[in-house]
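Presented below is the structure to which this report refers.
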Number of protein chains: 4
Amino acid sequence: MGSGRLFAGLFAHGEAAARVSDAALVDAMVEVELALLGALSDLDLAPREAAQELADAVAAGGLELDLDELGRGTGQQGTPIPALLKALRGQLSDDASAHLHKGATSQDVIDTAIMLLAGRALDVALNDLAGAADACAELVQRHREAVVPGRTLLQQAIPVTFALKAANWLSGLDGALAELRVVRERDLAVQFGGAVGTLANLGDRGLEVAARLGERLGLAAPEIPWHTIRLRPARIAAALGTTLGLLGKIGRDVVLLAQTEVAEVSEGGGEGRGGSSTMPHKRNPVGAIALIACAQRGPGLVATMLSAMVQEHERGAGAWQAEWDTLLELLRLTGSASAIAHELLGGLEIDAEKMRADMNLTGGLVMSESVAAALAPSLGRSAAQDVVEKAARRSVDSGREFREVLRAIPEVSDGLGADGLDAALDPAGYLGVSTALIDRALAVHRGG
Amino acid sequence: MGSGRLFAGLFAHGEAAARVSDAALVDAMVEVELALLGALSDLDLAPREAAQELADAVAAGGLELDLDELGRGTGQQGTPIPALLKALRGQLSDDASAHLHKGATSQDVIDTAIMLLAGRALDVALNDLAGAADACAELVQRHREAVVPGRTLLQQAIPVTFALKAANWLSGLDGALAELRVVRERDLAVQFGGAVGTLANLGDRGLEVAARLGERLGLAAPEIPWHTIRLRPARIAAALGTTLGLLGKIGRDVVLLAQTEVAEVSEGGGEGRGGSSTMPHKRNPVGAIALIACAQRGPGLVATMLSAMVQEHERGAGAWQAEWDTLLELLRLTGSASAIAHELLGGLEIDAEKMRADMNLTGGLVMSESVAAALAPSLGRSAAQDVVEKAARRSVDSGREFREVLRAIPEVSDGLGADGLDAALDPAGYLGVSTALIDRALAVHRGG
Amino acid sequence: MGSGRLFAGLFAHGEAAARVSDAALVDAMVEVELALLGALSDLDLAPREAAQELADAVAAGGLELDLDELGRGTGQQGTPIPALLKALRGQLSDDASAHLHKGATSQDVIDTAIMLLAGRALDVALNDLAGAADACAELVQRHREAVVPGRTLLQQAIPVTFALKAANWLSGLDGALAELRVVRERDLAVQFGGAVGTLANLGDRGLEVAARLGERLGLAAPEIPWHTIRLRPARIAAALGTTLGLLGKIGRDVVLLAQTEVAEVSEGGGEGRGGSSTMPHKRNPVGAIALIACAQRGPGLVATMLSAMVQEHERGAGAWQAEWDTLLELLRLTGSASAIAHELLGGLEIDAEKMRADMNLTGGLVMSESVAAALAPSLGRSAAQDVVEKAARRSVDSGREFREVLRAIPEVSDGLGADGLDAALDPAGYLGVSTALIDRALAVHRGG
Amino acid sequence: MGSGRLFAGLFAHGEAAARVSDAALVDAMVEVELALLGALSDLDLAPREAAQELADAVAAGGLELDLDELGRGTGQQGTPIPALLKALRGQLSDDASAHLHKGATSQDVIDTAIMLLAGRALDVALNDLAGAADACAELVQRHREAVVPGRTLLQQAIPVTFALKAANWLSGLDGALAELRVVRERDLAVQFGGAVGTLANLGDRGLEVAARLGERLGLAAPEIPWHTIRLRPARIAAALGTTLGLLGKIGRDVVLLAQTEVAEVSEGGGEGRGGSSTMPHKRNPVGAIALIACAQRGPGLVATMLSAMVQEHERGAGAWQAEWDTLLELLRLTGSASAIAHELLGGLEIDAEKMRADMNLTGGLVMSESVAAALAPSLGRSAAQDVVEKAARRSVDSGREFREVLRAIPEVSDGLGADGLDAALDPAGYLGVSTALIDRALAVHRGG
């Protein structure tokens with residue numbers, strides 16, 4: 001079933017995808033049942049042999065579980081757990097069977113298994129994001145001198161450096177990383193409440209079992225089951241969504257910078273990548289496009305997760321079920337985008353010369369704010385702006401170089417002198433606190 | 001890759017899912033390449049032998065295409081087509097290879113293949129929806145006498161019949177069907193424009209090839225390629241989304257009617273379906289839950305499709321790619337929900353007795369509007385309402401039966417007489433134009 | 001309450017916004033009550049004087065309705081209708097009061113009033129979209145000769161004309177128009193069902209009243225009330241959403257074409273529009289940005305409308321209420337974007353010279369597919385591609401002009417001759433069926 | 001412009017709405033300009049008199065700012081700031097005018113003003129949410145003895161207490177509160193970067209001004225401007241979205257519990273609230289419906305915010321602008337839902353008797369898991385389940401009371417005795433660790 005293999009290079013790149021596959025999910029469900037049996041036996045609520053029997057079967061890799069059979073079972077019972085239990089029981093002794101799944105409800109197993117997968121996929125994604133941030137920090141360090149037009153609303157405004165552009169990305173990457181780490185720490189948890197969250201089937205021992213189950217699985221045991229209080233999955237989804245949005249922003253910038261007419265950056269990746277046999281001049285920014293494509297799919301999936309929070313009584317009738325594939329898809333997309341961002345930023349090639357050339361495209365007009373600022377002390381802020389605006393218009397209308405027009409204006413030549421004017425027209429001289437900002441972003445990164 | 005098999009019983013039920021699988025998509029891509037080669041050869045733009053060679057290879061089932069290899073290719077080139085072409089060329093003669101894919105761009109193949117899949121999945125869904133509508137019409141016919149409380153804001157209001165409830169569903173099903181048929185007719189189309197939509201590689205023959213390609217594939221040849229004008233996929237998605245919403249409404253109603261406290265309907269489905277081994281009294285409405293779950297996932301996916309309409313120049317950089325899995329998922333969900341609705345409505349069991357009992361839950365208070373209406377001719381509309389309101393309050397406060405309270409009021413006994421009051425309190429007598437509405441819905445259904 | 005006035009120039013431009021304002025909505029609600037009273041009186045179910053009294057009060061403009069009072073009433077009763085009726089009754093005679101709202105439920109009034117507003121806002125939007133399409137057709141006609149690089153994934157690919165780019169927009173505009181017209185025709189309808197859709201309060205006269213009400217309001221009377229079958233508002237929303245997506249695509253293209261480095265188009269709009277006092281060289285594409293901004297907000301709102309389709313029994317408890325502001329916002333945004341698109345396309349300035357210059361940016365490499373196509377007859381398709389690919393790589397590596405490199409290759413000079421090579425390198429000669437496509441788009445537009 | 005006043009009782013209830021109104025936004029923009037002028041003057045970058053002049057004008061309430069004029073300005077320039085500055089300068093001396101807005105870009109003012117509003121609306125919402133949580137804790141305390149059927153998939157499962165249901169809500173409210181507090185602390189920040197984030201216009205003093213600006217406004221000064229790194233607004237939106245989802249869950253539960261057939265809770269609110277004149281028995285759960293309605297609108301708006309993260313270069317062209325109304329709407333909805341939840345939970349009335357009655361609806365079948373658990377020690381877990389399942393089926397088929405059927409089974413009477421059976425059938429005896437869970441939730445609440 002399911003599409004996705006064909007487009008895996010964009011949407012399921014890297015290791016995370018395998019960690020949230022159907023096979024991984026079944027394995028995690030068995031793992032939960034095994035940990036539960038273990039916890040029960042730790043607390044003398046099940047015989048040690050029952051737990052051992054299942055552990056041995058799992059270790060031997062000998063369990064036979066037919067994914068499609070389980071899928072059909074989901075259609076019959078609403079979850080795959082009854083079919084899974086039946087399949088397991090068919091391979092276990094009566095005694096082990098009798099204690100399997102004791103105290104648990106299907107939702108306990110599914111929610112906990114998905115949490116296990118979330119943790120494992122997040123670990124990969126965090127690793128790749130950290131790698132991406134490191135690669136980005138490298139770019140920041142390496143391109144401090146690369147002056148490039150700052151662009152607002154896609155119009156050249158005043159200069160920045162490529163290092164500052166990359167420092168912005170870096171601050172975003174570090175911010176996304178920090179948030180995902182919080183989520184990894186705070187929101188992953190065991191689900192264990194039995195049919196309606198009271199653990200009634202375990203008498204007064206339920207909380208001990210829950211605690212032990214959490215320990216065995218490496219997941220927190222929350223103060224209360226969260227069957228229909230869905231803050232945890234919703235927050236994980238939201239953090240994945242903001243991460244995807246951030247990566248999409250980087251992708252968008254790279255695609256724009258890689259345009260044929262701008263050509264200030266290009267993706268690495270070697271022979272053939274992003275090339276076209278019939279259009280040999282093309283070098284498609286495949287990685288950046290993948291980032292945008294992954295990001296494009298995030299918001300709708302997060303919306304599904306948020307709308308699914310409105311669940312009924314002690315078990316949601318439809319909304320909970322809608323979470324399953326949706327959260328796994330978000331993990332897959334974030335994992336994929338993180339891996340791609342890591343590669344992309346690691347291989348990004350910068351053309352500082354083209355950046356300089358673009359800086360000159362407007363014949364210096366892009367420096368008018370700088371000239372006005374330089375003139376302000378002598379002329380006053382308003383008068384300085386007036387003079388520059390008029391000069392700019394004259395330059396545009398006449399086609400004469402902005403510098404020449406300015407030079408011919410007495411207030412300018414008197415106010416600044418030739419050197420002063422040259423300085424005011426030099427992009428490298430109008431970068432404000434760029435260096436300080438870059439250093440701050442790097443400091444945060446190192447401290448992060 | 002991809003989750004979904006484990007939950008297929010809810011989200012990939014019925015035949016449609018298989019028609020939008022990865023394997024089906026690759027097959028459709030090959031089919032497009034084959035139809036293109038055929039069209040070229042029809043028009044003497046490629047040798048007949050080249051087309052025949054590929055046709056033979058396809059017919060013999062002898063093509064070897066590794067989905068995961070293609071998936072990796074997507075990561076390298078942004079689409080699976082270069083890898084697919086390479087794989088095909090490796091299995092074709094030089095001559096056939098040389099004419100393969102002539103005039104086309106990757107997007108032509110992907111968009112057209114997805115359109116083929118959309119048509120095939122829609123056919124299944126339309127069939128199931130038509131079956132669901134027929135089953136619903138049956139329910140309407142069968143339960144004309146089943147009076148049941150109409151409920152607004154989940155509070156009992158005044159009576160309806162179950163037939164009218166089902167007639168509402170029926171009008172929705174017929175409406176969704178009509179819309180999907182329009183989409184099937186209007187929005188499926190060949191994509192064929194070459195690199196930038198000019199078909200330049202085919203000189204002045206491009207439109208002939210496009211037309212022939214459409215004929216061979218059974219798809220319309222649009223007046224102009226739609227590479228970045230995405231009305232077609234967006235409309236298909238929107239129609240799928242509204243269909244899912246409609247099916248979710250039916251699911252919600254069934255879940256509510258199946259509540260233990262309401263128990264006016266239950267799903268069929270035989271032994272074991274929706275049961276719980278530990279809670280034998282339960283009969284979970286699994287089908288209805290599946291409808292809600294599918295519906296819950298629709299809006300986010302449609303939002304992705306709509307946001308993906310904003311594509312750049314002659315080929316979208318990210319947004320187009322985001323459409324692929326999203327549209328296929330929408331087709332899968334709609335197919336699944338349609339199949340489930342068909343089964344659900346076909347097997348729905350109605351408890352008319354419980355409906356009657358629920359009608360009496362408020363001790364007749366639910367009929368107060370009816371009594372007021374009956375009193376209006378004699379007392380005037382306002383006075384009649386006043387009298388009834390007071391009586392209702394008295395009944396609630398005193399715990400006396402509403403009928404008794406009313407009987408004791410002179411204006412009522414004088415105005416209506418005992419028989420008139422009984423009539424006014426009889427739910428079956430306060431159904432307005434229900435019968436006419438039911439007949440209208442059935443007439444539309446038969447005509448549809 | 002409500003933000004929006006401050007940003008109205010982007011999101012509430014043109015006439016449509018006023019047509020969906022709070023004031024317009026209250027007016028429409030009163031209009032519905034008036035039409036209902038009229039319909040009742042037409043059918044002798046209410047005294048003619050009652051209808052006349054309300055009509056006179058409305059005509060005299062003398063009704064006092066405090067929006068904030070009504071808003072508070074919504075918090076008390078869940079809809080503004082009880083408070084509205086109370087306010088109206090306070091200004092009417094007892095007799096008119098008694099017949100006011102007869103047979104109707106709050107939802108009847110709200111749904112019908114919103115449908116009235118939808119029709120009125122759609123009329124404005126349709127008008128502006130038609131104007132935008134006409135302006136676009138003008139652009140198509142005027143710029144047939146303007147050759148410009150076709151861009152895929154924001155990389156130059158092979159040539160198109162600006163006319164073809166505009167023809168793509170045109171086909172989208174005409175498609176969106178056609179769809180909105182279908183929706184305007186098909187999906188607007190009176191809502192009239194009484195408390196639970198049976199019109200019980202009107203005995204057996206309900207359908208006559210519904211029909212008459214529709215006539216008086218200029219809205220269709222549907223075969224059955226649609227209280228919780230929400231296909232109508234969902235479809236309107238979906239069509240608005242696809243229209244916004246289409247307009248966003250045009251906006252995106254304009255923003256990209258207006259980039260300082262591309263500068264192939266600029267928005268008109270006169271002095272000061274989109275300018276920056278401190279950066280006089282800037283000319284921000286404000287209209288295009290507005291289109292993107294409106295489009296950005298569409299998908300989420302449509303998702304809300306779709307998810308709101310899942311309503312309970314005979315009246316939705318929350319989902320219906322969520323539709324109100326959402327649909328009105330979609331109408332406002334579509335109206336605004338349509339008006340802006342009309343102005344934008346009417347004033348768009350094209351720099352054909354810059355387009356030509358951009359066509360030459362790659363030193364002819366962008367024409368390599370054309371050269372390969374020209375060589376194919378003599379060398380065979382594969383060999384031709386090989387030759388061209390090698391030449392392209394040599395040109396890139398050596399920095400020599402592509403034309404020179406090609407000329408030096410015997411197969412090329414023999415195969416094509418100098419003139420043939422020049423022809424193959426001429427963008428205007430490699431436009432495929434552009435002209436035919438343009439004519440088709442214009443023909444559809446004229447026929448539309 | 002803008003709808004919403006008419007429906008304010010649902011979507012703009014409480015104080016938060018006024019804090020994010022158009023008027024409040026303009027005031028905040030002026031406040032930002034004033035704080036900037038103050039910061040500049042603190043650092044001797046502007047004359048103290050200039051700052052004082054604006055402060056006096058603001059304090060005197062004498063500024064004339066026409067919202068609609070500003071709205072039109074947004075259409076001309078893309079933001080309201082140029083028009084705002086023009087209006088302000090028209091009311092200031094030349095000197096003050098000259099220093100107004102120095103160093104800032106429009107985005108600095110808008111983003112910072114929205115952050116101010118966000119903080120103020122969040123404060124109200126946090127207060128109401130804390131009140132709602134306190135009210136919920138009261139419910140928990142008060143209804144520890146109220147046994148009620150736990151319901152999964154809307155089917156009765158096994159017993160819980162109303163206190164446990166409320167404890168689940170409480171844990172959700174406390175979780176949402178904690179998250180919003182984190183966001184309030186972490187994500188609100190000054191935006192101050194000048195045209196492209198370099199603060200070039202202020203030479204090397206930019207960061208000092210930013211820090212001072214933050215102090216004056218009570219907002220953090222971030223390490224780097226966040227013009228197009230939109231983690232902050234996206235996170236705020238996500239936290240608002242999860243809060244809305246949580247409140248929607250509470251609303252859904254209340255609506256379901258308030259159903260006529262369930263009637264276990266009802267909303268307070270006094271005479272007339274939620275009543276219907278024509279259906280006096282109705283008591284619509286208006287507050288709960290409002291919660292659902294607000295929650296329904298959240299996900300789409302959050303999706304818009306997330307999709308808007310993909311912004312270009314140094315200023316977003318469309319996506320940023322789409323954030324404005326969207327974030328304010330999310331603040332308004334969350335504020336409204338929080339206020340409503342506070343009132344709803346404070347006034348919620350519980351019918352413990354009806355809960356008990358519902359507990360008996362299945363004639364004890366709902367206790368079968370309990371009986372099986374009680375039998376397990378003597379019969380073994382599987383055999384116990386078998387016996388109970390058969391008894392349950394017999395009870396359903398024969399219509400005999402479950403207790404009687406069980407009593408007649410030797411294994412049961414022998415295994416449990418009459419008292420043991422009664423105990424096993426007593427809902428109050430099968431509540432597992434409910435009390436401990438309740439105490440945990442209360443402890444977290446007190447500690448929070």
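Identifiers for the structure tokens are assigned positionally: chains receive A, B, ... in sequence, residues are indexed from 1 per chain, and ligands are indexed from 1 in the order shown.
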Against chain B, which residues of chain A fall within 7 Å? For each one I want the closest pair of atoms and the distance in Å (one decimal), counting only C-alpha atoms, rows by chain and increasing residue number, as a Markdown table.
| residue | atom | partner | partner_atom | distance |
| --- | --- | --- | --- | --- |
| A:Met1 | CA | B:Ser21 | CA | 5.5 |
| A:Gly2 | CA | B:Ser21 | CA | 5.6 |
| A:Ser3 | CA | B:Asp22 | CA | 4.7 |
| A:Gly4 | CA | B:Gly2 | CA | 6.0 |
| A:Arg5 | CA | B:Gly71 | CA | 5.6 |
| A:Leu6 | CA | B:Gly71 | CA | 4.2 |
| A:Phe7 | CA | B:Gly71 | CA | 5.0 |
| A:Ala8 | CA | B:Gly71 | CA | 4.8 |
| A:Gly9 | CA | B:Gly75 | CA | 3.6 |
| A:Leu10 | CA | B:Gly75 | CA | 5.2 |
| A:Ala17 | CA | B:Met1 | CA | 6.3 |
| A:Ala18 | CA | B:Met1 | CA | 6.1 |
| A:Ser21 | CA | B:Ser3 | CA | 5.2 |
| A:Asp22 | CA | B:Ser3 | CA | 4.7 |
| A:Leu67 | CA | B:Leu6 | CA | 5.8 |
| A:Asp68 | CA | B:Arg5 | CA | 6.1 |
| A:Leu70 | CA | B:Leu6 | CA | 5.8 |
| A:Gly71 | CA | B:Leu6 | CA | 4.2 |
| A:Arg72 | CA | B:Gly9 | CA | 4.8 |
| A:Gly73 | CA | B:Gly9 | CA | 6.8 |
| A:Thr74 | CA | B:Gly9 | CA | 5.0 |
| A:Gly75 | CA | B:Gly9 | CA | 3.6 |
| A:Gln76 | CA | B:Arg273 | CA | 5.2 |
| A:Gln77 | CA | B:Gly274 | CA | 4.7 |
| A:Gly78 | CA | B:Val286 | CA | 5.5 |
| A:Pro80 | CA | B:Leu6 | CA | 6.7 |
| A:Arg273 | CA | B:Gln76 | CA | 5.2 |
| A:Gly274 | CA | B:Gln77 | CA | 4.7 |
| A:Gly275 | CA | B:Gln77 | CA | 6.9 |
| A:Val286 | CA | B:Gly78 | CA | 5.5 |
| A:Ile289 | CA | B:Gly318 | CA | 4.8 |
| A:Ala290 | CA | B:Gly318 | CA | 6.2 |
| A:Ile292 | CA | B:Gly318 | CA | 4.9 |
| A:Ala293 | CA | B:Gly318 | CA | 4.0 |
| A:Cys294 | CA | B:Ala322 | CA | 6.8 |
| A:Gln296 | CA | B:Ala322 | CA | 6.3 |
| A:Arg297 | CA | B:Thr304 | CA | 5.9 |
| A:Gly300 | CA | B:Gly300 | CA | 3.8 |
| A:Leu301 | CA | B:Gly300 | CA | 5.7 |
| A:Ala303 | CA | B:Gly300 | CA | 5.8 |
| A:Thr304 | CA | B:Gly300 | CA | 5.5 |
| A:Ala317 | CA | B:Ile289 | CA | 5.4 |
| A:Gly318 | CA | B:Ala293 | CA | 4.0 |
| A:Ala319 | CA | B:Ala293 | CA | 5.6 |
| A:Gln321 | CA | B:Ala293 | CA | 5.9 |
| A:Ala322 | CA | B:Ala293 | CA | 4.9 |
| A:Asp325 | CA | B:Ser3 | CA | 6.3 |
Would you mind exporting N, CA and C atoms of the selected residues as a CSV table (one decimal), in the first residue's frame?
chain,number,residue,atom,x,y,z
A,1,MET,N,0.9,-1.2,0.0
A,1,MET,CA,0.0,0.0,0.0
A,1,MET,C,0.9,1.2,0.0
A,2,GLY,N,0.4,2.4,0.2
A,2,GLY,CA,1.3,3.6,0.4
A,2,GLY,C,2.2,3.9,-0.7
A,3,SER,N,2.2,5.1,-1.2
A,3,SER,CA,3.2,5.6,-2.1
A,3,SER,C,4.4,6.0,-1.3
A,4,GLY,N,5.3,6.5,-1.9
A,4,GLY,CA,6.4,7.1,-1.2
A,4,GLY,C,7.8,6.5,-1.5
A,5,ARG,N,7.8,5.2,-1.8
A,5,ARG,CA,9.2,4.7,-2.2
A,5,ARG,C,9.8,5.3,-3.4
A,6,LEU,N,8.9,5.7,-4.3
A,6,LEU,CA,9.3,6.2,-5.6
A,6,LEU,C,9.9,7.6,-5.4
A,7,PHE,N,9.5,8.3,-4.4
A,7,PHE,CA,9.9,9.7,-4.2
A,7,PHE,C,10.8,9.8,-2.9
A,8,ALA,N,11.2,8.6,-2.5
A,8,ALA,CA,11.9,8.5,-1.2
A,8,ALA,C,13.2,9.5,-1.1
A,9,GLY,N,13.8,9.7,-2.2
A,9,GLY,CA,15.0,10.5,-2.3
A,9,GLY,C,14.7,11.9,-1.8
A,10,LEU,N,13.5,12.4,-1.9
A,10,LEU,CA,13.2,13.7,-1.4
A,10,LEU,C,12.5,13.7,0.0
A,17,ALA,N,13.7,7.7,8.1
A,17,ALA,CA,12.6,7.0,7.5
A,17,ALA,C,12.5,5.6,7.8
A,18,ALA,N,13.6,4.9,7.8
A,18,ALA,CA,13.6,3.4,8.2
A,18,ALA,C,13.1,3.3,9.6
A,21,SER,N,9.2,3.1,9.7
A,21,SER,CA,8.6,2.3,8.7
A,21,SER,C,7.5,1.4,9.4
A,22,ASP,N,6.7,0.8,8.6
A,22,ASP,CA,5.7,-0.2,9.1
A,22,ASP,C,6.4,-1.3,9.9
A,67,LEU,N,2.4,-8.2,8.0
A,67,LEU,CA,1.9,-6.8,8.0
A,67,LEU,C,0.5,-6.7,7.4
A,68,ASP,N,0.3,-7.4,6.3
A,68,ASP,CA,-1.0,-7.1,5.6
A,68,ASP,C,-2.2,-7.8,6.4
A,70,LEU,N,-2.1,-8.0,9.7
A,70,LEU,CA,-2.4,-7.0,10.8
A,70,LEU,C,-3.2,-5.8,10.2
A,71,GLY,N,-2.9,-5.4,9.0
A,71,GLY,CA,-3.6,-4.2,8.4
A,71,GLY,C,-5.1,-4.6,8.3
A,72,ARG,N,-5.4,-5.8,7.8
A,72,ARG,CA,-6.8,-6.2,7.7
A,72,ARG,C,-7.4,-6.2,9.1
A,73,GLY,N,-6.7,-6.7,10.1
A,73,GLY,CA,-7.2,-6.7,11.4
A,73,GLY,C,-7.6,-5.3,11.9
A,74,THR,N,-6.8,-4.3,11.5
A,74,THR,CA,-7.2,-2.9,11.9
A,74,THR,C,-8.5,-2.6,11.3
A,75,GLY,N,-8.9,-3.1,10.2
A,75,GLY,CA,-10.2,-2.8,9.6
A,75,GLY,C,-11.3,-3.5,10.4
A,76,GLN,N,-11.0,-4.6,11.0
A,76,GLN,CA,-12.0,-5.4,11.7
A,76,GLN,C,-12.2,-4.8,13.1
A,77,GLN,N,-11.1,-4.4,13.8
A,77,GLN,CA,-11.2,-4.1,15.2
A,77,GLN,C,-10.9,-2.6,15.5
A,78,GLY,N,-10.4,-1.9,14.5
A,78,GLY,CA,-10.1,-0.5,14.7
A,78,GLY,C,-8.7,-0.3,15.0
A,80,PRO,N,-4.6,-2.5,15.1
A,80,PRO,CA,-3.9,-3.8,14.7
A,80,PRO,C,-3.6,-4.7,15.9
A,273,ARG,N,24.4,15.2,-10.4
A,273,ARG,CA,23.4,15.6,-9.5
A,273,ARG,C,22.7,16.9,-10.0
A,274,GLY,N,21.4,16.9,-10.2
A,274,GLY,CA,20.7,18.0,-10.6
A,274,GLY,C,20.9,18.5,-12.0
A,275,GLY,N,21.6,17.7,-12.8
A,275,GLY,CA,21.9,18.0,-14.1
A,275,GLY,C,20.7,17.6,-15.0
A,286,VAL,N,18.7,20.6,-6.4
A,286,VAL,CA,17.8,19.5,-6.0
A,286,VAL,C,17.6,19.5,-4.5
A,289,ILE,N,15.3,22.3,-3.3
A,289,ILE,CA,13.9,22.0,-3.7
A,289,ILE,C,13.3,21.0,-2.8
A,290,ALA,N,14.1,20.0,-2.4
A,290,ALA,CA,13.6,19.0,-1.5
A,290,ALA,C,13.3,19.6,-0.1
A,292,ILE,N,12.2,22.6,0.4
A,292,ILE,CA,10.9,23.3,0.2
A,292,ILE,C,9.8,22.4,0.1
A,293,ALA,N,10.0,21.3,-0.6
A,293,ALA,CA,8.9,20.3,-0.8
A,293,ALA,C,8.5,19.7,0.5
A,294,CYS,N,9.5,19.3,1.3
A,294,CYS,CA,9.2,18.8,2.7
A,294,CYS,C,8.5,19.8,3.5
A,296,GLN,N,6.7,22.2,2.5
A,296,GLN,CA,5.3,22.5,2.0
A,296,GLN,C,4.3,21.5,2.6
A,297,ARG,N,4.8,20.3,2.9
A,297,ARG,CA,3.9,19.3,3.4
A,297,ARG,C,3.6,19.3,4.9
A,300,GLY,N,0.0,21.3,6.7
A,300,GLY,CA,-1.2,20.5,6.6
A,300,GLY,C,-1.2,19.3,7.6
A,301,LEU,N,-0.1,18.7,7.7
A,301,LEU,CA,0.0,17.5,8.6
A,301,LEU,C,-0.1,18.0,10.0
A,303,ALA,N,-1.7,20.6,11.0
A,303,ALA,CA,-3.1,21.0,11.2
A,303,ALA,C,-3.9,19.7,11.5
A,304,THR,N,-3.6,18.6,10.9
A,304,THR,CA,-4.3,17.4,11.2
A,304,THR,C,-4.1,17.0,12.6
A,317,ALA,N,-12.7,8.6,18.9
A,317,ALA,CA,-13.4,7.8,17.9
A,317,ALA,C,-13.1,8.4,16.5
A,318,GLY,N,-11.9,8.3,16.0
A,318,GLY,CA,-11.5,8.8,14.7
A,318,GLY,C,-10.4,9.7,14.7
A,319,ALA,N,-10.4,10.6,15.6
A,319,ALA,CA,-9.3,11.6,15.7
A,319,ALA,C,-8.0,11.0,16.1
A,321,GLN,N,-7.1,7.9,15.7
A,321,GLN,CA,-6.6,7.0,14.6
A,321,GLN,C,-6.0,7.9,13.5
A,322,ALA,N,-6.5,9.1,13.3
A,322,ALA,CA,-5.9,10.0,12.3
A,322,ALA,C,-4.5,10.4,12.6
A,325,ASP,N,-0.6,7.7,11.1
A,325,ASP,CA,0.2,7.9,9.9
A,325,ASP,C,0.7,9.4,9.8
Give the strand (DSSP E or B) residues of stretch 217-403 of chain C, as assigned by DSSP on the backbone, as a ChimeraX atom specification.
/C:220,265-266,315,349-350
Exercise: A:Asp128 partners within 7 Å, only C-alpha atoms, chain neighbours under 6 positions left out, as a compact mmCIF listing (two decimals) with N, CA, C and O atoms, in the first residue's frame:
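Listing of around22.txt after writing:
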# COMPACT_ATOMS: atom_id res chain seq x y z
N SER A 338 16.18 17.15 7.33
CA SER A 338 17.37 17.41 8.14
C SER A 338 18.60 16.81 7.48
O SER A 338 19.66 17.44 7.41
N ALA A 339 18.46 15.58 6.99
CA ALA A 339 19.59 14.93 6.32
C ALA A 339 19.99 15.71 5.07
O ALA A 339 21.18 15.91 4.78
N HIS A 342 21.76 18.95 5.97
CA HIS A 342 23.12 18.65 6.37
C HIS A 342 24.03 18.56 5.14
O HIS A 342 25.09 19.21 5.07
Near stretch 204-219 of chain D, counting only C-alpha atoms, which residues have an atom at most 6 Å away, once you skip same-chain residues fewer than 2 positions from it, shown as a list in words?
Gly432 and Val433 of chain A; Ala35, Leu36, Ala39, Ala189, Val190, Leu199, Leu202 and Ala221 of chain D
Tell me which protein, DNA and RNA residues are within 9 Å of D:His281, counting only C-alpha atoms, leaving out same-chain ones fewer than 4 positions away, and put them as a PyMOL selection string.
(chain B and resi 156-157+362+365-366+368+389+392-393+396) or (chain D and resi 275-276)
